[in-house]
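Here the structure comes first, spelled out in structure tokens, and everything after it is commentary.
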Amino acid sequence: MKKYIGKRIINFLIVLVGVSILSFLLIAWSGKDPAEIIAHRGVSNPTPEQIEMIRVEMGLDQPLPVRYIQWLSGMFTGELGTSLTTHQPIVKDLHKYLATTTSLVGMAILWIIVLTVPISLLCARKRNRLFDQVTRGITICGICMPTFWLGFLLLLFFAIHLKWFSVLPSPGWRGFLLPSFALAVPSSCSLIRIMRSSLLAELSSDYVRFAKARGLSANRILVCHILRNALPPVVTIFFQQFGFLIAGGAVIESIFSIKGIGTYLVDSVIAADTIAVSTCIVVIAAIFVVANFMADIINRLLCPWMVREENDT
Amino acid sequence: MMPSLIIDHLSINLRPGTDNLVSEISFAIKEGESLILLGQSGSGKTMTCSAVLNLLDPKKFKVSGSVFFGETDLLNSSEKQRRGIYGNQIVYIPQNPMTALDPSMRIGRQMDETLRLHSDKSRQQRYNYILRLLHDVGLDDPDRVYRAYPHMLSGGMLQRVIIAMAMMLDAKFVLADEPTTALDVIHRNGIIDLFSQMKANGVGILMVTHDFATALQLGGNILVMKEGKIIESGEVQSVFDHTTEPYTRSLIEAYSLSYAFTKGAES
């Protein structure tokens with residue numbers, strides 16, 4: 001296990017360095033000159049000398065590798081300069097927006113678990129009966145439905161018709177209830193489909209047959225034996241969707257007027273704030289890699305026999 | 001009256017369609033007796049076993065006839081009634097011990113789960129009892145087995161675990177579906193010894209096999225099945241000595257061949 005974790009951490013670092021180089025280069029070569037954009041903000045019609053001054057001031061005249069190293073060390077010391085959009089230190093911004101997004105995504109994850117696990121269990125238990133059929137229809141609609149449309153519908157219904165929520169974000173967890181639900185629906189719908197078939201695939205295994213012959217009830221077999229063995233593919237895909245949750249978060253954040261990392265990233269791209277953009281990308285990539293790592297660890301805890309199979313190959 | 005397992009005119013059909021998988025077979029076993037269902041794969045012996053255990057999906061198979069355990073009609077009893085019998089008084093020993101247990105649950109917990117369902121022993125009593133049983137079936141380190149996951153044990157050890165599970169409650173009948181097929185010869189003999197022990201303790205044994213060696217070792221009566229029908233029956237040794245059925249002969253020859261091989265390897 002220790003060796004495995006060590007290997008994964010090295011992997012993690014390689015991916016992060018790769019992502020950071022890639023995002024840095026892509027933005028550096030995007031053709032936009034940040035110095036010129038900043039100069040335009042200060043004065044309406046800057047002279048070439050003024051632009052040059054800003055370039056030197058910001059270190060943009062340095063060669064690319066030097067700028068890359070500066071940016072990288074900035075990430076560790078927390079000195080990344082000020083954001084062009086909020087005029088706050090980028091690190092402080094990231095801290096604030098990341099916290100908001102984390103609460104949003106965290107709550108969406110709660111929704112996903114609460115929706116996926118019981119519904120899939122019921123579908124597997126009552127397969128091809130009415131509940132299963134209706135769920136199939138709803139989940140397929142849910143997978144197809146664009147998040148922004150669902151967000152608008154939820155706002156329209158719950159905030160405008162029923163007036164249970166305000167259209168503008170209310171403080172505290174209440175404000176996250178609707179947006180996190182909108183974010184969770186597409187993921188849970190596809191996860192319900194996956195988990196249902198994963199449960200049904202286990203249903204014909206030998207150990208289920210033997211458990212029946214031992215006199216265990218169908219419900220007990222489902223919850224105590226099948227569930228655990230059916231989870232690994234669901235866990236893997238769940239954590240892979242983590243990245244999509246953060247990305248989809250940008251859309252949801254803008255619909256529900258929440259200031260999170262998604263909207264921050266979009267604003268920074270529009271403002272050509274190169275440092276903020278590449279830092280955001282690295283942070284999101286790190287979250288994504290950590291999520292995949294978590295999926296592996298959880299699966300290993302759920303199904304200890306997987307460890308052996310890996311050693312065999 | 002001693003309860004016995006009476007199978008009367010049992011037929012199994014595939015649904016939809018009229019394919020007869022097993023047709024009109026009848027037999028009975030008493031406690032302390034053993035009966036062997038012998039046949040090639042596809043002869044319907046495993047089907048029969050599954051029907052007695054009520055493991056066939058009623059959507060796919062139509063089972064007719066009757067299976068009586070004492071006074072209880074197993075094919076027409078409530079699920080609750082059946083759950084009190086299966087795993088407790090009628091136990092099943094599956095073909096492949098490597099896949100019969102939940103791969104992600106410790107062996108001890110799976111044994112405990114069954115025991116708790118059918119008895120009202122305390123936690124500590126159950127633990128001690130399980131350790132003793134594991135020791136009795138010839139597992140040297142019961143504590144390690146208790147804590148192990150199925151993948152950590154060999155096939156022979158797992159089959160012993162499953163037999164320990166069968167001996168755990170007051171089983172009247174054991175239905176064993178090819179219990180030795182997945183094992184090598186050395187383990188096979190040990191497992192058959194355990195079956196003989198159970199038989200001596202008054203347990204009725206229905207064993208499905210295609211291997212005449214196993215049948216001879218266990219003894220008792222034998223039913224030879226071919227294409228869902230019983231074509232020959234009698235005491236194992238006398239069938240072995242005097243059969244005139246070409247099908248039975250071919251099964252005996254297959255046995256003699258493998259027997260000659262192992263003898264040859266030993267000398």
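Chains: A, B, ... in order of the structure tokens. Residues: from 1 per chain. Ligands: from 1, in order shown.
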
*Please, which residues of chain B lie no more than 8 Å from chain A when the count uses only C-alpha atoms, and can they be set out as JSON, numbers by chain?*
{"B": [53, 55, 82, 83, 84, 85, 86, 87, 88, 91, 92, 94, 99, 100, 101, 102, 103, 104, 105, 114, 117, 149, 151]}

Selection export as a compact mmCIF listing (two decimals), in the first residue's frame, atoms kept: N, CA and C atoms:
# COMPACT_ATOMS: atom_id res chain seq x y z
N LEU B 53 -33.52 -26.71 -4.13
CA LEU B 53 -33.14 -25.56 -3.30
C LEU B 53 -33.96 -24.31 -3.62
N LEU B 55 -33.80 -22.43 -6.19
CA LEU B 55 -32.93 -21.37 -6.69
C LEU B 55 -33.22 -21.01 -8.14
N ARG B 82 -39.47 -20.89 3.88
CA ARG B 82 -38.33 -21.49 3.20
C ARG B 82 -37.02 -20.99 3.77
N ARG B 83 -36.97 -19.68 4.10
CA ARG B 83 -35.72 -19.12 4.62
C ARG B 83 -35.31 -19.75 5.93
N GLY B 84 -36.32 -20.23 6.69
CA GLY B 84 -36.01 -20.91 7.94
C GLY B 84 -35.45 -22.31 7.72
N ILE B 85 -35.69 -22.85 6.55
CA ILE B 85 -35.24 -24.22 6.27
C ILE B 85 -33.91 -24.21 5.53
N TYR B 86 -33.84 -23.40 4.46
CA TYR B 86 -32.60 -23.35 3.69
C TYR B 86 -31.51 -22.66 4.49
N GLY B 87 -30.33 -23.25 4.46
CA GLY B 87 -29.23 -22.67 5.22
C GLY B 87 -29.22 -23.17 6.63
N ASN B 88 -30.32 -23.77 7.06
CA ASN B 88 -30.43 -24.23 8.43
C ASN B 88 -30.57 -25.75 8.46
N VAL B 91 -28.83 -27.61 3.69
CA VAL B 91 -27.74 -26.71 3.31
C VAL B 91 -27.17 -27.12 1.96
N TYR B 92 -26.58 -26.12 1.35
CA TYR B 92 -26.10 -26.27 -0.02
C TYR B 92 -24.60 -26.11 -0.03
N PRO B 94 -21.85 -25.43 -2.84
CA PRO B 94 -21.78 -25.12 -4.27
C PRO B 94 -20.56 -25.72 -4.94
N THR B 99 -15.76 -18.98 -5.91
CA THR B 99 -16.66 -17.87 -6.24
C THR B 99 -17.92 -17.87 -5.38
N ALA B 100 -18.02 -18.83 -4.46
CA ALA B 100 -19.28 -18.97 -3.72
C ALA B 100 -19.42 -17.94 -2.61
N LEU B 101 -18.30 -17.41 -2.15
CA LEU B 101 -18.39 -16.45 -1.05
C LEU B 101 -18.24 -15.03 -1.58
N ASP B 102 -18.87 -14.10 -0.90
CA ASP B 102 -18.76 -12.69 -1.25
C ASP B 102 -17.28 -12.28 -1.18
N PRO B 103 -16.70 -11.86 -2.31
CA PRO B 103 -15.26 -11.58 -2.31
C PRO B 103 -14.84 -10.42 -1.42
N SER B 104 -15.77 -9.54 -1.07
CA SER B 104 -15.34 -8.38 -0.27
C SER B 104 -15.79 -8.44 1.18
N MET B 105 -16.13 -9.62 1.65
CA MET B 105 -16.49 -9.69 3.06
C MET B 105 -15.63 -10.77 3.72
N THR B 114 -24.75 -16.06 8.66
CA THR B 114 -25.65 -17.21 8.52
C THR B 114 -26.06 -17.74 9.89
N LEU B 117 -28.55 -15.61 11.69
CA LEU B 117 -29.88 -15.69 11.10
C LEU B 117 -30.67 -16.87 11.64
N TYR B 149 -10.05 -12.69 3.74
CA TYR B 149 -11.00 -12.55 2.63
C TYR B 149 -10.88 -13.79 1.75
N HIS B 151 -10.25 -14.41 -1.26
CA HIS B 151 -9.15 -14.54 -2.21
C HIS B 151 -7.83 -14.92 -1.56

*Where in stretch 157-240 of chain B does DSSP assign helix (DSSP H, G or I), given as a ChimeraX atom specification?*
/B:157-168,185-200,212-218,236-240

Can those selected residues be exported to a file as a short mmCIF file (atom, residue, chain, number, x, y, z; two decimals), in the first residue's frame so that it contains C-alpha atoms?
data_model
loop_
_atom_site.label_atom_id
_atom_site.label_comp_id
_atom_site.auth_asym_id
_atom_site.auth_seq_id
_atom_site.Cartn_x
_atom_site.Cartn_y
_atom_site.Cartn_z
CA MET B 157 -9.39 -24.36 2.24
CA LEU B 158 -12.47 -22.53 0.97
CA GLN B 159 -14.32 -25.79 0.39
CA ARG B 160 -13.54 -26.68 4.01
CA VAL B 161 -14.90 -23.31 5.09
CA ILE B 162 -18.09 -24.00 3.15
CA ILE B 163 -18.39 -27.45 4.71
CA ALA B 164 -17.90 -25.85 8.11
CA MET B 165 -20.80 -23.56 7.22
CA ALA B 166 -22.86 -26.63 6.33
CA MET B 167 -22.07 -28.25 9.68
CA MET B 168 -22.69 -25.02 11.56
CA VAL B 185 -7.02 -35.27 -5.78
CA ILE B 186 -5.38 -34.81 -2.39
CA HIS B 187 -7.92 -32.23 -1.26
CA ARG B 188 -10.70 -34.31 -2.78
CA ASN B 189 -10.09 -37.23 -0.45
CA GLY B 190 -10.10 -34.98 2.60
CA ILE B 191 -13.38 -33.41 1.54
CA ILE B 192 -15.04 -36.79 0.92
CA ASP B 193 -13.92 -37.84 4.40
CA LEU B 194 -15.75 -34.84 5.81
CA PHE B 195 -18.88 -35.87 3.93
CA SER B 196 -18.62 -39.41 5.32
CA GLN B 197 -18.28 -37.89 8.78
CA MET B 198 -21.46 -35.85 8.29
CA LYS B 199 -23.25 -38.95 7.06
CA ALA B 200 -22.15 -40.85 10.16
CA PHE B 212 -17.44 -42.23 -10.37
CA ALA B 213 -14.45 -42.13 -8.01
CA THR B 214 -16.24 -39.67 -5.75
CA ALA B 215 -19.38 -41.79 -5.87
CA LEU B 216 -17.52 -44.95 -4.88
CA GLN B 217 -15.75 -43.18 -2.05
CA LEU B 218 -18.94 -41.83 -0.54
CA VAL B 236 -23.10 -47.66 -5.96
CA GLN B 237 -20.86 -50.70 -5.77
CA SER B 238 -23.35 -53.02 -7.46
CA VAL B 239 -24.00 -50.52 -10.26
CA PHE B 240 -20.25 -50.25 -10.68
#

*Name the residues in contact with A:Asp93 at a cut-off of 12 Å, using only C-alpha atoms, excluding same-chain residues fewer than 3 positions from it; report them as a PyMOL selection string.*
chain A and resi 78+80-90+96-100+259-261+263-265+268+276+279-280

Those selected residues, please, written with N, CA and C atoms and delivered as a compact mmCIF listing (two decimals), in the first residue's frame.
# COMPACT_ATOMS: atom_id res chain seq x y z
N GLY A 78 2.81 32.29 -2.71
CA GLY A 78 1.55 33.01 -2.64
C GLY A 78 1.62 34.40 -3.25
N LEU A 80 1.37 36.05 -6.48
CA LEU A 80 1.05 35.90 -7.90
C LEU A 80 0.57 37.23 -8.48
N GLY A 81 0.67 38.28 -7.69
CA GLY A 81 0.24 39.58 -8.20
C GLY A 81 -1.26 39.77 -8.02
N THR A 82 -1.73 40.89 -8.55
CA THR A 82 -3.15 41.19 -8.38
C THR A 82 -3.93 40.77 -9.62
N SER A 83 -5.18 40.45 -9.39
CA SER A 83 -6.05 40.06 -10.48
C SER A 83 -6.46 41.30 -11.26
N LEU A 84 -6.62 41.14 -12.56
CA LEU A 84 -7.04 42.27 -13.38
C LEU A 84 -8.53 42.50 -13.28
N THR A 85 -9.26 41.48 -12.83
CA THR A 85 -10.72 41.64 -12.79
C THR A 85 -11.20 42.16 -11.44
N THR A 86 -10.62 41.66 -10.36
CA THR A 86 -11.13 42.06 -9.04
C THR A 86 -10.21 43.04 -8.32
N HIS A 87 -8.99 43.23 -8.86
CA HIS A 87 -7.99 44.10 -8.24
C HIS A 87 -7.62 43.66 -6.84
N GLN A 88 -7.77 42.36 -6.58
CA GLN A 88 -7.36 41.77 -5.31
C GLN A 88 -6.19 40.84 -5.62
N PRO A 89 -5.37 40.50 -4.60
CA PRO A 89 -4.34 39.49 -4.85
C PRO A 89 -4.98 38.20 -5.36
N ILE A 90 -4.37 37.60 -6.39
CA ILE A 90 -4.96 36.40 -7.02
C ILE A 90 -5.12 35.28 -6.00
N LYS A 96 -10.98 32.55 -1.84
CA LYS A 96 -12.38 32.88 -1.60
C LYS A 96 -13.30 32.11 -2.55
N TYR A 97 -12.97 32.14 -3.86
CA TYR A 97 -13.87 31.53 -4.83
C TYR A 97 -13.85 30.01 -4.77
N LEU A 98 -12.65 29.50 -4.42
CA LEU A 98 -12.54 28.05 -4.31
C LEU A 98 -13.43 27.55 -3.17
N ALA A 99 -13.48 28.32 -2.09
CA ALA A 99 -14.31 27.93 -0.95
C ALA A 99 -15.78 27.87 -1.38
N THR A 100 -16.21 28.89 -2.15
CA THR A 100 -17.60 28.91 -2.62
C THR A 100 -17.89 27.70 -3.49
N LYS A 259 -20.62 33.63 -6.98
CA LYS A 259 -19.25 33.92 -7.39
C LYS A 259 -18.36 32.75 -7.01
N GLY A 260 -18.03 31.91 -7.96
CA GLY A 260 -17.18 30.76 -7.69
C GLY A 260 -16.01 30.72 -8.64
N ILE A 261 -15.25 29.63 -8.57
CA ILE A 261 -14.04 29.55 -9.38
C ILE A 261 -14.36 29.50 -10.87
N THR A 263 -16.91 31.06 -12.57
CA THR A 263 -17.13 32.40 -13.12
C THR A 263 -15.84 33.21 -13.08
N TYR A 264 -15.06 32.98 -12.04
CA TYR A 264 -13.78 33.70 -11.92
C TYR A 264 -12.88 33.37 -13.10
N LEU A 265 -12.85 32.08 -13.45
CA LEU A 265 -12.02 31.64 -14.57
C LEU A 265 -12.51 32.27 -15.87
N SER A 268 -11.64 35.90 -15.95
CA SER A 268 -10.21 36.10 -16.14
C SER A 268 -9.81 35.86 -17.59
N ALA A 276 -3.88 34.53 -13.65
CA ALA A 276 -5.06 33.99 -12.96
C ALA A 276 -5.59 32.77 -13.69
N THR A 279 -3.28 29.72 -13.28
CA THR A 279 -3.34 29.22 -11.90
C THR A 279 -4.64 28.46 -11.66
N CYS A 280 -5.74 29.02 -12.15
CA CYS A 280 -7.03 28.32 -12.01
C CYS A 280 -6.96 26.94 -12.64

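Of the residues under consideration (B:Pro3, B:Pro16, B:Pro58, B:Gly228), B:Gly228 shows the shortest atom-to-atom contact distance to B:Ser41 when counting only C-alpha atoms.
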
*Got a sec to tell me which of stretch 54-151 of chain B DSSP assigns to strand (DSSP E or B), as a list in words?*
Phe61, Lys62, Val63, Ser64, Gly65, Ser66, Val67, Phe68, Phe69, Thr72, Asp73, Tyr86, Ile90, Val91, Tyr92 and Ile93 of chain B

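The smallest atom-to-atom distance between A:Ile112 and any of A:Val234, A:Ala272, A:Ile284, A:Ile138, using only C-alpha atoms, is found for A:Val234.
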
*Might you pull out every residue within 7 Å of B:Lys172, with only C-alpha atoms counted and same-chain residues fewer than 3 positions away left off, and present them as number ranges by chain?*
B: 31, 89-90, 203-204

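By only C-alpha atoms, and with residues fewer than 5 positions from A:Leu231 along its chain excluded, the set lying at most 8 Å from it is Met195, Ser198, Asn299 and Leu302 of chain A.
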
Residues as selected, C-alpha atoms, written as an mmCIF file, in the first residue's frame, can you do that?
data_model
loop_
_atom_site.group_PDB
_atom_site.id
_atom_site.type_symbol
_atom_site.label_atom_id
_atom_site.label_comp_id
_atom_site.auth_asym_id
_atom_site.auth_seq_id
_atom_site.Cartn_x
_atom_site.Cartn_y
_atom_site.Cartn_z
ATOM 1 C CA MET A 195 -25.237 1.567 -10.804
ATOM 2 C CA SER A 198 -23.731 -2.898 -12.112
ATOM 3 C CA ASN A 299 -12.296 1.026 -4.372
ATOM 4 C CA LEU A 302 -14.368 -1.599 -0.711
#

*Write out as a list in words the residues lying within 10 Å of A:Ile119, counting only C-alpha atoms and excluding same-chain residues fewer than 5 positions away.*
Ile113, Val114, Ala124, Arg125, Phe131, Asp132, Thr135, Ser188, Cys189, Ile192, Arg193, Met195 and Arg196 of chain A
